[in-house]
Amino acid sequence: MNDLSFDIAVIGGGASGLMAALAAHRKSPALKIGVLERLPRVGKKLMATGNGRCNLTNINASPADYHGDVAFMESAMRRFPPRAVMARFEEYGVYPVVEDGGRVYPMSGQASSVVDALRLSLAERGIPEICEFEAAALERAGKTWRVRAKDGREARAGRVIVATGGLTVPSLGGSASGYRLLEALGHRATPRLPALVQLKTDPAAVRALKGVRYDGRIDILVDGRPVRGETGEVLFTEYGLSGIAVMQLSRVASTALARRNPPPVSARLHILPLPEEEARALLLSRRATLAARPLENFLTGLVNKRLGQTLVKRACPLPLATPVAEMTDGQLSSLAALLTGWTLPVTGTQGFEQAQVTAGGVRTADFDPDTMESRLVPGLYVTGELYDIDGDCGGFNLQWAWASAMAAGEAAAIANGELRRG
Ligand SMILES: Cc1cc2nc3c(=O)[nH]c(=O)nc-3n(C[C@H](O)[C@H](O)[C@H](O)COP(=O)(O)OP(=O)(O)OC[C@H]3O[C@@H](n4cnc5c(N)ncnc54)[C@H](O)[C@@H]3O)c2cc1C
């Protein structure tokens, strides 16, 4: 495509960029709209969402599911709540199905079908995808925006929607270029940290447990005080902890560890869902009834075998072949404490390559929450993960991507009409 002149140019062909282009067209079908994408294909990250199933939105989404400048979201989320997003997807051919916890997936069970449906909808409306166009500079000359690509090409538009997303998973589109484009225009951003990401601990403590999982509670302690807890799957890895419950907690850990003088951060694992005293009573009774068993099988049948052996070794220095009866009361108490609150130091988180969302981002105070338009440079709109807003696991990040895109797309289309009349 040679003519890169548009009424509205959308920079970034991810979740919010594709939806913003469609929302602008829906409001004003006569407008010339184009999507500029850095990668050879649009929607790469979207294809990987929800383990390949795309957790589109969550019907229970509320401010409690988000972090950062949550107040900024109120207007767009009120006008484009999960049910409105689901209805919009039906228009594009995607039939949404509500599952446990209000999570919404396409009936096809395929994230690729969501990308296909958005792409087909763009094509049906004559909205081109211009791929391998990496926006490197953005400037306004009079009423026209110029978007210069890294390879020297130039697109022009009356309005520009920046939808370049956050820093996560560079191979799927994660990039800092959106922050740079906006900072060059006077916008500021808060520090960015990986969130919805795995935690690192002392590898020596967990290496033998790689692949073991338990379903239960985990708390994050900052300076010895619990700050957030989650119940769900916890998975041991060779470097630390993963699983949905861990990912949900990662934000509080990465925020605390990013402080100038970071306090000690730890994860407390509740492997047995019992108070410590009850766990101790249970172990006393097992010691009596299973007295002749070797220690290596003391917890077999109660918790995962490898996990049980690891905890027995930590609580009791005896060889694992020793009969259970030889465990002292003190060692048994230590084991009960580990089973109900094994505390591991959190030394860091995995990086942006592994994270699902970026915490921190472009300051919302410089944008109009009704339209997503910049208060500093009129005609410039921002959507999605670029903002200082991030959600928990469960479809919340995409819900924000869609809602902010619908608000920006509509507003840009309306304003473009006014520009033409004016
Ligand atoms: C593995 C994984 C699984 C996830 N699963 C879920 C889930 O199931 N549910 C959920 O709600 N959220 C999920 N998320 C988070 C969700 O995908 C993102 O929050 C969402 O995609 C953000 O949308 P966006 O439009 O802001 O950015 P993106 O979808 O990241 O799109 C940004 C686009 O801009 C392009 N771009 C970047 N810079 C430039 C440039 N200079 N010029 C042109 N184009 C550029 C990128 O290549 C990319 O295509 C997941 C994230 C990951 C990494």
# chains A, B, ... in the order shown; residues from 1 in each chain; ligands from 1
>>> closest_atom_pairs(of="chain A", to="ligand 1", cutoff="7 Å", atoms="only C-alpha atoms and all ligand atoms", output="JSON lines")
{"residue": "A:Ile11", "atom": "CA", "partner": "ligand 1", "partner_atom_place_in_ligand_line": "43 (C)", "distance": 5.1}
{"residue": "A:Gly12", "atom": "CA", "partner": "ligand 1", "partner_atom_place_in_ligand_line": "34 (O)", "distance": 3.3}
{"residue": "A:Gly13", "atom": "CA", "partner": "ligand 1", "partner_atom_place_in_ligand_line": "49 (O)", "distance": 4.5}
{"residue": "A:Gly14", "atom": "CA", "partner": "ligand 1", "partner_atom_place_in_ligand_line": "31 (O)", "distance": 3.2}
{"residue": "A:Ala15", "atom": "CA", "partner": "ligand 1", "partner_atom_place_in_ligand_line": "25 (O)", "distance": 4.0}
{"residue": "A:Ser16", "atom": "CA", "partner": "ligand 1", "partner_atom_place_in_ligand_line": "25 (O)", "distance": 3.5}
{"residue": "A:Gly17", "atom": "CA", "partner": "ligand 1", "partner_atom_place_in_ligand_line": "25 (O)", "distance": 5.4}
{"residue": "A:Leu36", "atom": "CA", "partner": "ligand 1", "partner_atom_place_in_ligand_line": "43 (C)", "distance": 5.4}
{"residue": "A:Glu37", "atom": "CA", "partner": "ligand 1", "partner_atom_place_in_ligand_line": "44 (N)", "distance": 3.8}
{"residue": "A:Arg38", "atom": "CA", "partner": "ligand 1", "partner_atom_place_in_ligand_line": "44 (N)", "distance": 3.9}
{"residue": "A:Leu39", "atom": "CA", "partner": "ligand 1", "partner_atom_place_in_ligand_line": "47 (O)", "distance": 5.2}
{"residue": "A:Val42", "atom": "CA", "partner": "ligand 1", "partner_atom_place_in_ligand_line": "49 (O)", "distance": 5.4}
{"residue": "A:Gly43", "atom": "CA", "partner": "ligand 1", "partner_atom_place_in_ligand_line": "49 (O)", "distance": 5.4}
{"residue": "A:Lys44", "atom": "CA", "partner": "ligand 1", "partner_atom_place_in_ligand_line": "49 (O)", "distance": 6.1}
{"residue": "A:Lys45", "atom": "CA", "partner": "ligand 1", "partner_atom_place_in_ligand_line": "29 (O)", "distance": 5.5}
{"residue": "A:Leu46", "atom": "CA", "partner": "ligand 1", "partner_atom_place_in_ligand_line": "17 (O)", "distance": 5.4}
{"residue": "A:Ala48", "atom": "CA", "partner": "ligand 1", "partner_atom_place_in_ligand_line": "1 (C)", "distance": 5.2}
{"residue": "A:Thr49", "atom": "CA", "partner": "ligand 1", "partner_atom_place_in_ligand_line": "5 (N)", "distance": 3.3}
{"residue": "A:Gly50", "atom": "CA", "partner": "ligand 1", "partner_atom_place_in_ligand_line": "8 (O)", "distance": 3.2}
{"residue": "A:Asn51", "atom": "CA", "partner": "ligand 1", "partner_atom_place_in_ligand_line": "3 (C)", "distance": 6.5}
{"residue": "A:Cys54", "atom": "CA", "partner": "ligand 1", "partner_atom_place_in_ligand_line": "8 (O)", "distance": 4.6}
{"residue": "A:Asn55", "atom": "CA", "partner": "ligand 1", "partner_atom_place_in_ligand_line": "8 (O)", "distance": 3.8}
{"residue": "A:Leu56", "atom": "CA", "partner": "ligand 1", "partner_atom_place_in_ligand_line": "9 (N)", "distance": 5.7}
{"residue": "A:Thr57", "atom": "CA", "partner": "ligand 1", "partner_atom_place_in_ligand_line": "11 (O)", "distance": 5.9}
{"residue": "A:Phe133", "atom": "CA", "partner": "ligand 1", "partner_atom_place_in_ligand_line": "43 (C)", "distance": 5.7}
{"residue": "A:Glu134", "atom": "CA", "partner": "ligand 1", "partner_atom_place_in_ligand_line": "42 (N)", "distance": 3.7}
{"residue": "A:Ala135", "atom": "CA", "partner": "ligand 1", "partner_atom_place_in_ligand_line": "42 (N)", "distance": 3.9}
{"residue": "A:Ala136", "atom": "CA", "partner": "ligand 1", "partner_atom_place_in_ligand_line": "41 (N)", "distance": 5.7}
{"residue": "A:Ala163", "atom": "CA", "partner": "ligand 1", "partner_atom_place_in_ligand_line": "25 (O)", "distance": 5.3}
{"residue": "A:Thr164", "atom": "CA", "partner": "ligand 1", "partner_atom_place_in_ligand_line": "34 (O)", "distance": 3.4}
{"residue": "A:Gly165", "atom": "CA", "partner": "ligand 1", "partner_atom_place_in_ligand_line": "27 (O)", "distance": 3.2}
{"residue": "A:Gly166", "atom": "CA", "partner": "ligand 1", "partner_atom_place_in_ligand_line": "30 (O)", "distance": 5.9}
{"residue": "A:Thr168", "atom": "CA", "partner": "ligand 1", "partner_atom_place_in_ligand_line": "53 (C)", "distance": 5.7}
{"residue": "A:Val169", "atom": "CA", "partner": "ligand 1", "partner_atom_place_in_ligand_line": "53 (C)", "distance": 5.7}
{"residue": "A:Leu172", "atom": "CA", "partner": "ligand 1", "partner_atom_place_in_ligand_line": "47 (O)", "distance": 6.5}
{"residue": "A:Gly173", "atom": "CA", "partner": "ligand 1", "partner_atom_place_in_ligand_line": "47 (O)", "distance": 3.4}
{"residue": "A:Gly174", "atom": "CA", "partner": "ligand 1", "partner_atom_place_in_ligand_line": "30 (O)", "distance": 5.8}
{"residue": "A:Ser175", "atom": "CA", "partner": "ligand 1", "partner_atom_place_in_ligand_line": "37 (C)", "distance": 5.3}
{"residue": "A:Ala176", "atom": "CA", "partner": "ligand 1", "partner_atom_place_in_ligand_line": "38 (N)", "distance": 6.9}
{"residue": "A:Ser177", "atom": "CA", "partner": "ligand 1", "partner_atom_place_in_ligand_line": "41 (N)", "distance": 4.8}
{"residue": "A:Gly178", "atom": "CA", "partner": "ligand 1", "partner_atom_place_in_ligand_line": "38 (N)", "distance": 5.8}
{"residue": "A:Ala355", "atom": "CA", "partner": "ligand 1", "partner_atom_place_in_ligand_line": "53 (C)", "distance": 6.1}
{"residue": "A:Gln356", "atom": "CA", "partner": "ligand 1", "partner_atom_place_in_ligand_line": "53 (C)", "distance": 3.9}
{"residue": "A:Val357", "atom": "CA", "partner": "ligand 1", "partner_atom_place_in_ligand_line": "15 (C)", "distance": 5.5}
{"residue": "A:Thr383", "atom": "CA", "partner": "ligand 1", "partner_atom_place_in_ligand_line": "26 (O)", "distance": 6.1}
{"residue": "A:Gly384", "atom": "CA", "partner": "ligand 1", "partner_atom_place_in_ligand_line": "26 (O)", "distance": 3.5}
{"residue": "A:Glu385", "atom": "CA", "partner": "ligand 1", "partner_atom_place_in_ligand_line": "26 (O)", "distance": 3.8}
{"residue": "A:Leu386", "atom": "CA", "partner": "ligand 1", "partner_atom_place_in_ligand_line": "26 (O)", "distance": 5.8}
{"residue": "A:Cys393", "atom": "CA", "partner": "ligand 1", "partner_atom_place_in_ligand_line": "10 (C)", "distance": 6.7}
{"residue": "A:Gly394", "atom": "CA", "partner": "ligand 1", "partner_atom_place_in_ligand_line": "9 (N)", "distance": 5.9}
{"residue": "A:Gly395", "atom": "CA", "partner": "ligand 1", "partner_atom_place_in_ligand_line": "11 (O)", "distance": 3.2}
{"residue": "A:Phe396", "atom": "CA", "partner": "ligand 1", "partner_atom_place_in_ligand_line": "11 (O)", "distance": 4.5}
{"residue": "A:Asn397", "atom": "CA", "partner": "ligand 1", "partner_atom_place_in_ligand_line": "11 (O)", "distance": 3.8}
{"residue": "A:Leu398", "atom": "CA", "partner": "ligand 1", "partner_atom_place_in_ligand_line": "11 (O)", "distance": 3.5}
{"residue": "A:Gln399", "atom": "CA", "partner": "ligand 1", "partner_atom_place_in_ligand_line": "11 (O)", "distance": 6.0}
{"residue": "A:Ala401", "atom": "CA", "partner": "ligand 1", "partner_atom_place_in_ligand_line": "23 (O)", "distance": 5.1}
>>> select_by_dssp(residues="region 38-265 of chain A", states="strand (DSSP E)", output="PyMOL selection string")
chain A and resi 57-58+66-68+96-98+103-106+129-130+135-141+144-149+154-162+193-195+199-200+213-222+225-236+240-242+265
>>> closest_residue(among="A:Ala253, A:Val246, A:Leu284, A:Val35", to="Glu326 (chain A)", atoms="only C-alpha atoms")
A:Leu284
>>> closest_residue(among="A:Gly341, A:Pro82, A:Pro378, A:Gly348", to="Glu276 (chain A)", atoms="only C-alpha atoms")
A:Gly341
>>> residues_around(residues="Trp342 (chain A)", least_positions_apart="6", cutoff="8 Å", atoms="only C-alpha atoms", output="PyMOL selection string")
chain A and resi 268-271
>>> write_last_selection(atoms="all heavy atoms", output="short mmCIF file (atom, residue, chain, number, x, y, z; two decimals), in the first residue's frame")
data_model
loop_
_atom_site.label_atom_id
_atom_site.label_comp_id
_atom_site.auth_asym_id
_atom_site.auth_seq_id
_atom_site.Cartn_x
_atom_site.Cartn_y
_atom_site.Cartn_z
N ARG A 268 4.66 -17.01 51.86
CA ARG A 268 4.31 -18.01 52.87
C ARG A 268 3.32 -19.00 52.26
O ARG A 268 2.24 -18.60 51.81
CB ARG A 268 3.70 -17.32 54.10
CG ARG A 268 3.52 -18.26 55.27
CD ARG A 268 3.24 -17.50 56.54
NE ARG A 268 1.98 -16.77 56.43
CZ ARG A 268 1.61 -15.80 57.27
NH1 ARG A 268 2.38 -15.42 58.25
NH2 ARG A 268 0.45 -15.19 57.11
N LEU A 269 3.75 -20.26 52.22
CA LEU A 269 2.95 -21.29 51.55
C LEU A 269 2.14 -22.08 52.56
O LEU A 269 2.70 -22.64 53.50
CB LEU A 269 3.86 -22.25 50.78
CG LEU A 269 4.98 -21.63 49.93
CD1 LEU A 269 5.72 -22.72 49.18
CD2 LEU A 269 4.40 -20.62 48.95
N HIS A 270 0.84 -22.12 52.35
CA HIS A 270 -0.05 -22.91 53.23
C HIS A 270 -0.38 -24.18 52.47
O HIS A 270 -1.34 -24.23 51.71
CB HIS A 270 -1.32 -22.12 53.55
CG HIS A 270 -1.03 -20.79 54.19
ND1 HIS A 270 -1.09 -20.58 55.54
CD2 HIS A 270 -0.65 -19.62 53.65
CE1 HIS A 270 -0.77 -19.32 55.82
NE2 HIS A 270 -0.49 -18.72 54.68
N ILE A 271 0.46 -25.20 52.69
CA ILE A 271 0.32 -26.42 51.90
C ILE A 271 -0.83 -27.27 52.42
O ILE A 271 -1.61 -27.81 51.67
CB ILE A 271 1.67 -27.18 51.88
CG1 ILE A 271 2.68 -26.32 51.12
CG2 ILE A 271 1.53 -28.56 51.24
CD1 ILE A 271 4.12 -26.63 51.44
#
>>> select_by_dssp(residues="region 110-234 of chain A", states="helix (DSSP H, G or I)", output="JSON, numbers by chain")
{"A": [111, 112, 113, 114, 115, 116, 117, 118, 119, 120, 121, 122, 123, 124, 170, 171, 172, 177, 178, 179, 180, 181, 182, 183, 203, 204, 205, 206, 207, 208, 209]}
>>> atom_distance(atom1="CA of Gly101 (chain A)", atom2="CA of Asp215 (chain A)")
16.4 Å
>>> closest_residue(among="A:Arg314, A:Arg156, A:Arg375, A:Arg259", to="Val206 (chain A)", atoms="only C-alpha atoms")
A:Arg314
>>> closest_residue(among="A:Pro40, A:Pro317, A:Gly379, A:Pro273", to="Leu302 (chain A)", atoms="only C-alpha atoms")
A:Pro273
>>> atom_distance(atom1="CA of Tyr214 (chain A)", atom2="CA of Gly229 (chain A)")
15.2 Å
>>> atom_distance(atom1="CA of Ala76 (chain A)", atom2="CA of Gly52 (chain A)")
27.0 Å
>>> closest_residue(among="A:Tyr387, A:Trp402, A:Phe367, A:Tyr105", to="Pro81 (chain A)", atoms="only C-alpha atoms")
A:Trp402
